[in-house]
Amino acid sequence: MNSEQNLHKGHRERMREAYRRQGLPAEPHKQLEMLLFFALPRIDTNKMAHRLINRFGSLSGVLEAETYALAEVEGVGAGVAEFVRFMGDIAREYRAEPPARPGLPLDTEERAEAFVRNRLGGQKAECVLLAYLDAKGRLIHESLAKDAALSSVRVESSLRLTVKTAIQYHAAGVLVGHNHPNGTPMPSKKDAAEAKRLKDALRFIGVGLTDFIVLGEGGETYSLTRGGLLI
């Protein structure tokens, strides 16, 4: 093995170790770079990932691109293009399935952010995701509102429904995910105000708002808890 191959191997091992410790990287090009490891086991995929993101604008854009368009990107070729297209099809099929994963641990910031990315990534309209958690931070029940105007955070009647659902499932906490499909993950003043309103409503029944995570267009996230906006 030459020095360049050793360098690539060391880089991949560092990225895999970081993934094992911290979960999915926040940067879309790193996510795509790691995905391409499986299609190109002995080739540096960093530059290819950057070229794909630059060409299609985002990770979701890459996964939604047609095979012929992917193959036109320098270095990609038919085999890699088919692999990426297949992964995009799998992701779309996964998102179309009804949510049914009770017991999923969402007890760390990294797991919560990865969950929000997985559920809201690729959505074209604003959505609100509600995950009801047990005392150990495990998923009990989840719901997804695809019309922001009717979301559980934005409408008074749905706010009451969120509280009712938390009681129904004996939830100890609620995790909220919200997406900005055409913008940054920075929460608006309205986002922050409505998160505070939901936190107060849940506190009244002894349930915590564990976090309110906003997902941006490029896959970046913003935690209102980490940002000090849920004090």
# chains A, B, ... in the order shown; residues from 1 in each chain; ligands from 1
>>> select_by_dssp(residues="chain A", states="helix (DSSP H, G or I)", output="number ranges by chain")
A: 3-22, 28-37, 46-56, 59-64, 67-71, 77-96, 109-120, 148-150, 156-168, 189-204
>>> select_by_dssp(residues="stretch 31-199 of chain A", states="strand (DSSP E or B)", output="list in words")
Pro105, Val128, Leu129, Leu130, Ala131, Tyr132, Leu133, Arg138, Leu139, Ile140, His141, Glu142, Ser143, Leu144, Ala145, Gly173, Val174, Leu175, Val176, Gly177, His178 and Asn179 of chain A
>>> write_last_selection(atoms="C-alpha atoms", output="mmCIF file, in the first residue's frame")
data_model
loop_
_atom_site.group_PDB
_atom_site.id
_atom_site.type_symbol
_atom_site.label_atom_id
_atom_site.label_comp_id
_atom_site.auth_asym_id
_atom_site.auth_seq_id
_atom_site.Cartn_x
_atom_site.Cartn_y
_atom_site.Cartn_z
ATOM 1 C CA PRO A 105 -33.097 5.870 22.008
ATOM 2 C CA VAL A 128 -43.207 19.786 12.523
ATOM 3 C CA LEU A 129 -42.138 16.467 13.997
ATOM 4 C CA LEU A 130 -43.204 15.500 17.516
ATOM 5 C CA ALA A 131 -41.487 12.623 19.314
ATOM 6 C CA TYR A 132 -42.912 11.525 22.657
ATOM 7 C CA LEU A 133 -40.278 10.003 24.945
ATOM 8 C CA ARG A 138 -36.703 6.340 24.322
ATOM 9 C CA LEU A 139 -39.287 6.908 21.605
ATOM 10 C CA ILE A 140 -42.857 5.991 22.510
ATOM 11 C CA HIS A 141 -44.801 7.650 19.698
ATOM 12 C CA GLU A 142 -44.181 10.148 16.906
ATOM 13 C CA SER A 143 -46.279 12.286 14.599
ATOM 14 C CA LEU A 144 -45.430 14.432 11.590
ATOM 15 C CA ALA A 145 -47.452 17.451 10.449
ATOM 16 C CA GLY A 173 -40.616 14.344 27.458
ATOM 17 C CA VAL A 174 -41.322 15.662 23.983
ATOM 18 C CA LEU A 175 -38.747 16.318 21.274
ATOM 19 C CA VAL A 176 -39.741 18.724 18.497
ATOM 20 C CA GLY A 177 -38.190 18.907 15.043
ATOM 21 C CA HIS A 178 -38.968 21.668 12.564
ATOM 22 C CA ASN A 179 -37.499 22.271 9.118
#
>>> closest_atom_pairs(of="stretch 9-109 of chain A", to="stretch 197-212 of chain A", cutoff="12 Å", atoms="only C-alpha atoms", output="JSON lines")
{"residue": "A:Leu106", "atom": "CA", "partner": "A:Thr210", "partner_atom": "CA", "distance": 9.9}
{"residue": "A:Asp107", "atom": "CA", "partner": "A:Thr210", "partner_atom": "CA", "distance": 9.2}
{"residue": "A:Thr108", "atom": "CA", "partner": "A:Thr210", "partner_atom": "CA", "distance": 10.0}
{"residue": "A:Glu109", "atom": "CA", "partner": "A:Asp211", "partner_atom": "CA", "distance": 8.6}
>>> closest_residue(among="A:Lys136, A:Lys196, A:Arg111, A:Lys146", to="A:Thr225", atoms="only C-alpha atoms")
A:Lys196
>>> residues_around(residues="stretch 219-221 of chain A", least_positions_apart="5", cutoff="12 Å", atoms="only C-alpha atoms", output="ChimeraX atom specification")
/A:24-32,53,57-61,109-110,112-123,177-187,211-214,226-227
>>> closest_residue(among="A:Ala172, A:Phe83, A:Asp134, A:Ile43", to="A:Leu104", atoms="only C-alpha atoms")
A:Asp134
>>> atom_distance(atom1="atom CA of A:Arg21", atom2="atom CA of A:Thr45")
21.5 Å
